[in-house]
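Undergrad: So I've got this file, entry_17.cif, and it contains mmCIF, C-alpha atoms and all ligand atoms:
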data_data
#
loop_
_atom_site.label_atom_id
_atom_site.label_comp_id
_atom_site.auth_asym_id
_atom_site.auth_seq_id
_atom_site.Cartn_x
_atom_site.Cartn_y
_atom_site.Cartn_z
CA MET A 1 4.48 112.27 -186.40
CA SER A 2 2.59 112.70 -189.66
CA GLU A 3 -0.53 110.54 -190.12
CA ARG A 4 -0.42 107.80 -192.75
CA PRO A 5 -2.63 108.56 -195.76
CA LEU A 6 -6.03 106.93 -195.21
CA MET A 7 -5.95 105.09 -198.55
CA PRO A 8 -2.47 104.89 -199.96
CA GLY A 9 -2.64 104.53 -203.73
CA ALA A 10 -6.43 104.60 -203.99
CA SER A 11 -8.76 107.50 -204.66
CA PHE A 12 -12.50 107.98 -204.91
CA ASP A 13 -14.31 111.12 -205.94
CA PHE A 14 -17.26 111.98 -203.69
CA ASP A 15 -17.61 115.58 -204.86
CA ALA A 16 -21.19 116.84 -204.26
CA THR A 17 -22.03 113.65 -202.36
CA SER A 18 -24.00 113.96 -199.11
CA VAL A 19 -22.95 111.65 -196.28
CA VAL A 20 -24.27 111.13 -192.74
CA VAL A 21 -22.11 109.13 -190.33
CA ILE A 22 -24.04 108.02 -187.24
CA GLY A 23 -21.67 107.47 -184.29
CA ALA A 24 -18.61 109.50 -185.24
CA SER A 25 -18.05 111.51 -182.07
CA ARG A 26 -15.24 109.65 -180.31
CA GLY A 27 -12.45 109.87 -182.85
CA GLY A 28 -12.76 106.14 -183.68
CA ILE A 29 -13.92 104.31 -186.79
CA GLY A 30 -16.86 106.65 -187.45
CA ALA A 31 -14.65 109.74 -187.31
CA ALA A 32 -12.08 108.13 -189.64
CA ILE A 33 -14.87 107.32 -192.13
CA ALA A 34 -16.22 110.89 -191.92
CA ARG A 35 -12.73 112.31 -192.52
CA GLY A 36 -12.17 109.89 -195.42
CA PHE A 37 -15.38 110.96 -197.16
CA ALA A 38 -14.62 114.65 -196.55
CA ASP A 39 -11.08 114.24 -197.94
CA ALA A 40 -12.70 112.70 -201.05
CA GLY A 41 -14.89 115.78 -201.53
CA ALA A 42 -18.14 114.78 -199.78
CA MET A 43 -20.40 116.99 -197.65
CA VAL A 44 -20.41 115.13 -194.34
CA GLN A 45 -22.58 115.42 -191.23
CA ILE A 46 -21.81 113.41 -188.10
CA THR A 47 -23.66 112.40 -184.93
CA GLY A 48 -22.91 110.89 -181.56
CA VAL A 49 -24.54 110.37 -178.19
CA GLU A 50 -22.19 112.93 -176.55
CA PRO A 51 -22.96 116.67 -176.51
CA GLU A 52 -19.83 117.39 -178.59
CA PRO A 53 -17.54 115.46 -180.92
CA ARG A 54 -13.73 115.57 -180.69
CA PRO A 55 -12.47 119.18 -181.16
CA GLU A 56 -10.78 118.41 -184.51
CA ASP A 57 -14.08 117.01 -185.83
CA ALA A 58 -16.18 119.81 -184.27
CA ALA A 59 -14.21 122.24 -186.40
CA ARG A 60 -14.76 120.24 -189.56
CA PHE A 61 -18.26 118.71 -189.48
CA ALA A 62 -21.84 119.71 -188.69
CA TYR A 63 -22.62 117.73 -185.53
CA THR A 64 -25.91 116.52 -184.06
CA GLN A 65 -26.25 114.90 -180.66
CA LEU A 66 -28.53 111.95 -181.34
CA ASP A 67 -29.43 108.91 -179.25
CA VAL A 68 -30.24 106.13 -181.73
CA THR A 69 -32.57 104.45 -179.20
CA GLU A 70 -35.01 107.40 -179.55
CA THR A 71 -37.21 106.77 -182.58
CA ASP A 72 -38.79 110.24 -182.61
CA ALA A 73 -35.41 111.98 -182.39
CA VAL A 74 -33.99 109.83 -185.19
CA ARG A 75 -37.03 110.51 -187.39
CA ASP A 76 -36.86 114.24 -186.64
CA PHE A 77 -33.14 114.33 -187.58
CA ALA A 78 -33.76 112.38 -190.81
CA SER A 79 -36.77 114.52 -191.76
CA ARG A 80 -34.44 117.53 -192.12
CA VAL A 81 -32.52 115.76 -194.94
CA ALA A 82 -34.38 115.64 -198.26
CA ARG A 83 -31.73 113.75 -200.22
CA LEU A 84 -28.93 111.52 -198.92
CA ASP A 85 -26.29 109.66 -200.91
CA VAL A 86 -24.62 107.69 -198.12
CA LEU A 87 -25.70 106.67 -194.61
CA VAL A 88 -23.05 105.01 -192.42
CA ASN A 89 -24.35 103.29 -189.26
CA CYS A 90 -21.44 103.21 -186.83
CA ALA A 91 -23.05 103.76 -183.40
CA ALA A 92 -22.55 100.87 -181.01
CA ILE A 93 -21.75 99.98 -177.42
CA THR A 94 -20.32 96.95 -175.65
CA GLN A 95 -19.24 96.27 -172.09
CA ARG A 96 -17.16 93.22 -171.35
CA GLY A 97 -18.64 91.24 -168.47
CA ALA A 98 -21.88 93.26 -168.14
CA GLU A 99 -23.80 91.68 -171.00
CA MET A 100 -25.18 88.64 -169.11
CA ASP A 101 -27.66 91.01 -167.44
CA PRO A 102 -30.90 90.76 -169.45
CA ALA A 103 -31.71 94.48 -169.16
CA PHE A 104 -28.27 95.50 -170.40
CA PHE A 105 -28.40 92.79 -173.09
CA SER A 106 -31.61 94.37 -174.43
CA HIS A 107 -30.08 97.84 -174.29
CA VAL A 108 -27.04 96.73 -176.34
CA LEU A 109 -29.39 95.27 -178.97
CA ASP A 110 -31.44 98.47 -178.93
CA VAL A 111 -28.39 100.66 -179.63
CA ASN A 112 -26.43 98.45 -182.01
CA LEU A 113 -29.08 96.55 -183.97
CA THR A 114 -32.38 98.40 -183.66
CA GLY A 115 -30.49 101.70 -183.70
CA SER A 116 -28.94 100.87 -187.08
CA PHE A 117 -32.33 99.78 -188.39
CA ARG A 118 -34.03 102.92 -186.96
CA CYS A 119 -31.60 105.20 -188.77
CA ALA A 120 -31.82 103.30 -192.06
CA GLU A 121 -35.63 103.26 -191.93
CA ALA A 122 -35.82 106.97 -191.09
CA PHE A 123 -33.50 107.93 -193.96
CA GLN A 124 -35.09 105.60 -196.52
CA PRO A 125 -37.04 108.41 -198.29
CA ALA A 126 -33.91 110.59 -198.54
CA LEU A 127 -31.85 107.62 -199.75
CA THR A 128 -34.52 106.81 -202.34
CA ALA A 129 -34.40 110.42 -203.59
CA ALA A 130 -30.65 110.04 -204.25
CA SER A 131 -30.53 106.34 -205.21
CA GLY A 132 -28.15 106.22 -202.27
CA ASN A 133 -26.63 103.51 -200.16
CA VAL A 134 -26.27 102.36 -196.57
CA ILE A 135 -23.10 100.99 -194.98
CA ASN A 136 -23.64 99.21 -191.65
CA ILE A 137 -20.66 98.50 -189.42
CA ALA A 138 -20.77 94.89 -188.24
CA SER A 139 -17.95 92.99 -186.48
CA MET A 140 -16.01 89.73 -186.34
CA TYR A 141 -18.22 88.98 -183.34
CA ALA A 142 -21.14 88.55 -185.75
CA ARG A 143 -19.54 85.22 -186.63
CA PHE A 144 -17.53 84.21 -183.54
CA GLY A 145 -18.73 83.61 -180.01
CA SER A 146 -17.50 85.81 -177.19
CA PRO A 147 -18.02 84.70 -173.59
CA ARG A 148 -17.92 88.25 -172.25
CA ASN A 149 -19.81 90.08 -175.00
CA PRO A 150 -22.90 87.95 -175.81
CA ALA A 151 -25.16 90.94 -176.54
CA TYR A 152 -22.60 92.65 -178.74
CA GLY A 153 -22.10 89.49 -180.83
CA ALA A 154 -25.85 88.91 -181.16
CA SER A 155 -26.39 92.55 -182.15
CA LYS A 156 -23.68 92.44 -184.82
CA ALA A 157 -25.00 89.14 -186.23
CA GLY A 158 -28.34 90.97 -186.45
CA VAL A 159 -26.68 93.89 -188.23
CA GLU A 160 -25.20 91.53 -190.81
CA GLN A 161 -28.58 89.83 -191.28
CA VAL A 162 -30.67 93.00 -191.51
CA THR A 163 -28.20 94.26 -194.13
CA LYS A 164 -29.30 91.38 -196.37
CA SER A 165 -33.02 91.93 -195.79
CA LEU A 166 -32.88 95.70 -196.39
CA ALA A 167 -30.77 95.13 -199.52
CA ILE A 168 -33.58 93.06 -200.98
CA ALA A 169 -36.38 95.28 -199.68
CA TRP A 170 -34.91 98.51 -201.03
CA ALA A 171 -33.31 97.35 -204.28
CA PRO A 172 -36.46 98.46 -206.17
CA ASP A 173 -35.84 101.99 -204.76
CA GLY A 174 -32.30 101.97 -206.17
CA ILE A 175 -30.78 101.78 -202.66
CA ARG A 176 -27.81 99.48 -202.01
CA VAL A 177 -27.25 98.20 -198.45
CA ASN A 178 -23.92 96.67 -197.43
CA ALA A 179 -21.87 96.08 -194.30
CA VAL A 180 -18.22 96.11 -193.30
CA ALA A 181 -16.98 93.79 -190.54
CA PRO A 182 -13.88 95.27 -188.90
CA GLY A 183 -11.39 93.07 -187.13
CA PHE A 184 -9.79 94.25 -183.90
CA ILE A 185 -9.28 98.01 -184.10
CA VAL A 186 -7.59 100.41 -181.66
CA THR A 187 -10.38 102.78 -180.52
CA GLU A 188 -12.08 103.93 -177.32
CA GLN A 189 -14.52 101.03 -177.61
CA SER A 190 -11.71 98.45 -177.50
CA ALA A 191 -9.69 100.33 -174.84
CA ARG A 192 -10.99 98.24 -171.94
CA ALA A 193 -10.28 94.93 -173.68
CA ARG A 194 -6.81 96.17 -174.60
CA GLN A 195 -5.98 96.59 -170.90
CA ASP A 196 -5.63 92.79 -170.88
CA PRO A 197 -2.14 92.10 -172.30
CA ASP A 198 -2.95 88.42 -172.94
CA PHE A 199 -5.94 89.41 -175.05
CA VAL A 200 -3.87 91.95 -176.99
CA ARG A 201 -1.24 89.29 -177.74
CA GLN A 202 -3.86 86.65 -178.67
CA VAL A 203 -5.39 88.97 -181.25
CA GLU A 204 -1.98 89.81 -182.71
CA ALA A 205 -1.00 86.13 -182.82
CA ARG A 206 -4.17 85.08 -184.59
CA THR A 207 -4.28 87.96 -187.08
CA PRO A 208 -2.24 87.06 -190.20
CA ALA A 209 -1.37 90.76 -190.64
CA GLY A 210 0.23 90.50 -187.17
CA ARG A 211 -1.27 93.65 -185.68
CA TRP A 212 -4.40 95.38 -184.45
CA GLY A 213 -6.07 97.61 -187.03
CA GLN A 214 -6.29 101.40 -186.90
CA PRO A 215 -9.56 103.28 -187.63
CA GLY A 216 -8.08 104.43 -190.97
CA ASP A 217 -7.81 100.78 -192.06
CA ILE A 218 -11.62 100.63 -192.37
CA VAL A 219 -12.05 103.71 -194.54
CA GLY A 220 -11.09 102.37 -197.97
CA ALA A 221 -13.61 99.51 -197.81
CA VAL A 222 -16.43 101.87 -196.81
CA LEU A 223 -15.64 104.35 -199.58
CA PHE A 224 -15.41 101.51 -202.09
CA LEU A 225 -18.81 100.08 -201.10
CA ALA A 226 -20.34 103.57 -201.26
CA SER A 227 -18.84 104.29 -204.68
CA PRO A 228 -20.13 103.55 -208.19
CA ALA A 229 -17.33 100.94 -208.40
CA ALA A 230 -19.53 98.82 -206.11
CA GLY A 231 -22.71 99.52 -208.08
CA PHE A 232 -23.57 95.81 -208.45
CA ILE A 233 -22.78 94.95 -204.81
CA THR A 234 -25.63 94.85 -202.32
CA GLY A 235 -26.42 92.79 -199.24
CA THR A 236 -22.81 91.82 -198.65
CA CYS A 237 -20.63 92.05 -195.56
CA LEU A 238 -16.96 92.72 -196.25
CA PRO A 239 -14.46 91.70 -193.55
CA VAL A 240 -11.62 94.19 -193.00
CA ASP A 241 -9.69 92.26 -190.41
CA GLY A 242 -6.07 91.62 -191.39
CA GLY A 243 -7.15 88.04 -192.18
CA TYR A 244 -8.47 87.24 -188.67
CA SER A 245 -11.62 85.56 -190.00
CA VAL A 246 -9.88 83.13 -192.34
CA VAL A 247 -7.66 81.44 -189.74
N1 LIG S 1 -13.04 98.96 -182.18
C1 LIG S 1 -13.15 97.74 -182.68
O1 LIG S 1 -12.28 96.86 -182.49
C2 LIG S 1 -14.34 97.38 -183.52
C3 LIG S 1 -14.35 96.13 -184.14
C4 LIG S 1 -15.45 95.78 -184.92
C5 LIG S 1 -16.51 96.65 -185.07
N2 LIG S 1 -16.46 97.86 -184.46
C6 LIG S 1 -17.63 98.72 -184.68
O2 LIG S 1 -17.22 99.95 -185.28
C7 LIG S 1 -18.15 100.98 -184.91
C8 LIG S 1 -17.40 102.14 -184.33
O3 LIG S 1 -16.74 101.68 -183.18
P1 LIG S 1 -15.53 102.43 -182.49
O4 LIG S 1 -14.60 101.39 -182.02
O5 LIG S 1 -15.06 103.55 -183.33
O6 LIG S 1 -16.30 102.95 -181.19
P2 LIG S 1 -16.37 104.32 -180.43
O7 LIG S 1 -16.72 103.97 -179.03
O8 LIG S 1 -15.16 105.14 -180.68
O9 LIG S 1 -17.63 105.03 -181.13
C9 LIG S 1 -18.94 104.61 -180.90
C10 LIG S 1 -19.89 105.69 -181.37
O10 LIG S 1 -21.22 105.24 -181.06
C11 LIG S 1 -21.91 106.32 -180.48
N3 LIG S 1 -22.98 105.84 -179.61
C12 LIG S 1 -22.90 105.04 -178.53
N4 LIG S 1 -24.12 104.87 -177.99
C13 LIG S 1 -24.99 105.58 -178.75
C14 LIG S 1 -26.38 105.82 -178.71
N5 LIG S 1 -27.17 105.30 -177.75
N6 LIG S 1 -26.92 106.61 -179.66
C15 LIG S 1 -26.16 107.15 -180.63
N7 LIG S 1 -24.83 106.97 -180.73
C16 LIG S 1 -24.27 106.19 -179.79
C17 LIG S 1 -20.88 107.12 -179.71
O11 LIG S 1 -21.36 108.43 -179.49
C18 LIG S 1 -19.69 107.04 -180.67
O12 LIG S 1 -19.77 108.08 -181.60
C19 LIG S 1 -19.12 100.32 -183.94
O13 LIG S 1 -20.27 99.88 -184.63
C20 LIG S 1 -18.35 99.14 -183.43
O14 LIG S 1 -19.18 98.12 -182.93
C21 LIG S 1 -15.43 98.26 -183.68
#
Would you mind writing the structure in this file as structure tokens?

TA:
Amino acid sequence: MSERPLMPGASFDFDATSVVVIGASRGGIGAAIARGFADAGAMVQITGVEPEPRPEDAARFAYTQLDVTETDAVRDFASRVARLDVLVNCAAITQRGAEMDPAFFSHVLDVNLTGSFRCAEAFQPALTAASGNVINIASMYARFGSPRNPAYGASKAGVEQVTKSLAIAWAPDGIRVNAVAPGFIVTEQSARARQDPDFVRQVEARTPAGRWGQPGDIVGAVLFLASPAAGFITGTCLPVDGGYSVV
């Protein structure tokens, strides 16, 4: 079956634009964003915590194995990039039911929240050199409670908040900082939750669009926020959720 175009009817030109997508190794949202930027002409590098990305992405993108909890490794990776137009922070973990353990709670915050901050901070000189922008990937759980994912929700609320603070802090450097909050998307991260048929149906029933999203559904919003069309937008968080958040 042929894949649907990532952005039917819309196009952005990212020719000669440098993009780093952190957390694009598992073929999920990060990989879809990387492919979307590359299809629009950008030079794209990706990272992930695994030794290798998916084979189709290994063939297409320069890949770096990078644990975003390691400050020195993140700084070393960023120091090799003199000029960066777009940084996408997509790395995150969650584990339903395990997040009431304080040690694991802290680890989730370290990966999802501090990890996003670490990468943004490390790339700030390169982003300044290009008057670039940062797109952080938040979540519906930034705004809604989740009994089985308390750390994930707290981390994503933090991501949305730090997006605002960095937008103000770095506006004088010409850097825009925005976030996208996906709704419920079919990826490896949501695979465990999707084993629960009641949960799958509840999400479908509450989502006005009547379905779970696909990774490609997130791409257009990210490219828009990274484009000159969004030149006066900074510090915002754009839901891409099939209407889930307005019900
Ligand atoms: N799938 C959904 O329903 C959904 C909904 C809202 C938000 N999101 C967010 O979208 C982003 C992408 O999620 P996805 O569903 O594609 O997940 P995924 O599991 O497919 O990808 C997660 C990525 O994070 C990386 N990662 C994990 N731990 C890391 C670490 N310690 N250091 C560096 N990288 C690490 C992995 O290598 C992988 O590349 C995440 O921020 C996620 O929270 C997903």

Undergrad: Let me have all residues with an atom within 6 Å of ligand LIG 1 (chain S), counting only C-alpha atoms and all ligand atoms, laid out as a PyMOL selection string.

TA: chain A and resi 23-30+48-50+66-69+90-93+111+137-139+182-190

Undergrad: Leaving out segment 223-238 of chain A and any residue of its chain fewer than 2 positions from it, which residues lie within 10 Å of it when counting all atoms listed in the file, given as a PyMOL selection string?

TA: chain A and resi 7+10-14+19+33+36-37+40+85-88+132-139+159-168+171+175-182+218-221+240-241

Undergrad: Taking only C-alpha atoms into account, produce a table as JSON lines in which each residue of segment 133-215 of chain A with an atom at most 7 Å from an atom of segment 113-116 of chain A appears once, together with its shortest atom pair and the distance in Å to one decimal, ordered by chain and rising number.

TA:
{"residue": "A:Ser155", "atom": "CA", "partner": "A:Leu113", "partner_atom": "CA", "distance": 5.2}
{"residue": "A:Lys156", "atom": "CA", "partner": "A:Leu113", "partner_atom": "CA", "distance": 6.8}
{"residue": "A:Gly158", "atom": "CA", "partner": "A:Leu113", "partner_atom": "CA", "distance": 6.2}
{"residue": "A:Val159", "atom": "CA", "partner": "A:Leu113", "partner_atom": "CA", "distance": 5.6}

Undergrad: Atom CA of Gln195 of chain A and atom CA of Met100 of chain A, how far apart in Å?

TA: 20.9 Å

Undergrad: Contacts of Val247 of chain A at 10 Å or less, counting all atoms listed in the file, minus same-chain residues fewer than 6 places along, as a VMD selection string?

TA: chain A and resid 206 to 208

Undergrad: Find the spatial neighbours of Gly153 of chain A, counting all atoms listed in the file, within a cut-off of 7 Å - ignore same-chain residues fewer than 4 positions away - and output them as a list in words.

TA: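 Once the adjacent positions are removed, what remains is Tyr141, Ala142, Gly145, Ser146, Asn149 and Ala157 of chain A.
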
Undergrad: Provide the atom CA of Arg192 of chain A to atom CA of Phe105 of chain A distance in Å, to one decimal place.

TA: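 Those two atoms sit 18.3 Å apart.
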
Undergrad: Residues at most 8 Å from Ala193 of chain A, counting all atoms listed in the file, excluding those fewer than 4 positions away in the same chain, as an mmCIF file with C-alpha atoms, in the coordinates of the input?

TA:
data_model
loop_
_atom_site.group_PDB
_atom_site.id
_atom_site.type_symbol
_atom_site.label_atom_id
_atom_site.label_comp_id
_atom_site.auth_asym_id
_atom_site.auth_seq_id
_atom_site.Cartn_x
_atom_site.Cartn_y
_atom_site.Cartn_z
ATOM 1 C CA ARG A 96 -17.160 93.220 -171.350
ATOM 2 C CA PHE A 199 -5.940 89.410 -175.050
ATOM 3 C CA VAL A 200 -3.870 91.950 -176.990
#

Undergrad: How far is it from atom CA of Asp198 of chain A to atom CA of Phe104 of chain A, in Å with one decimal?

TA: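 Between these atoms lies a distance of 26.4 Å.
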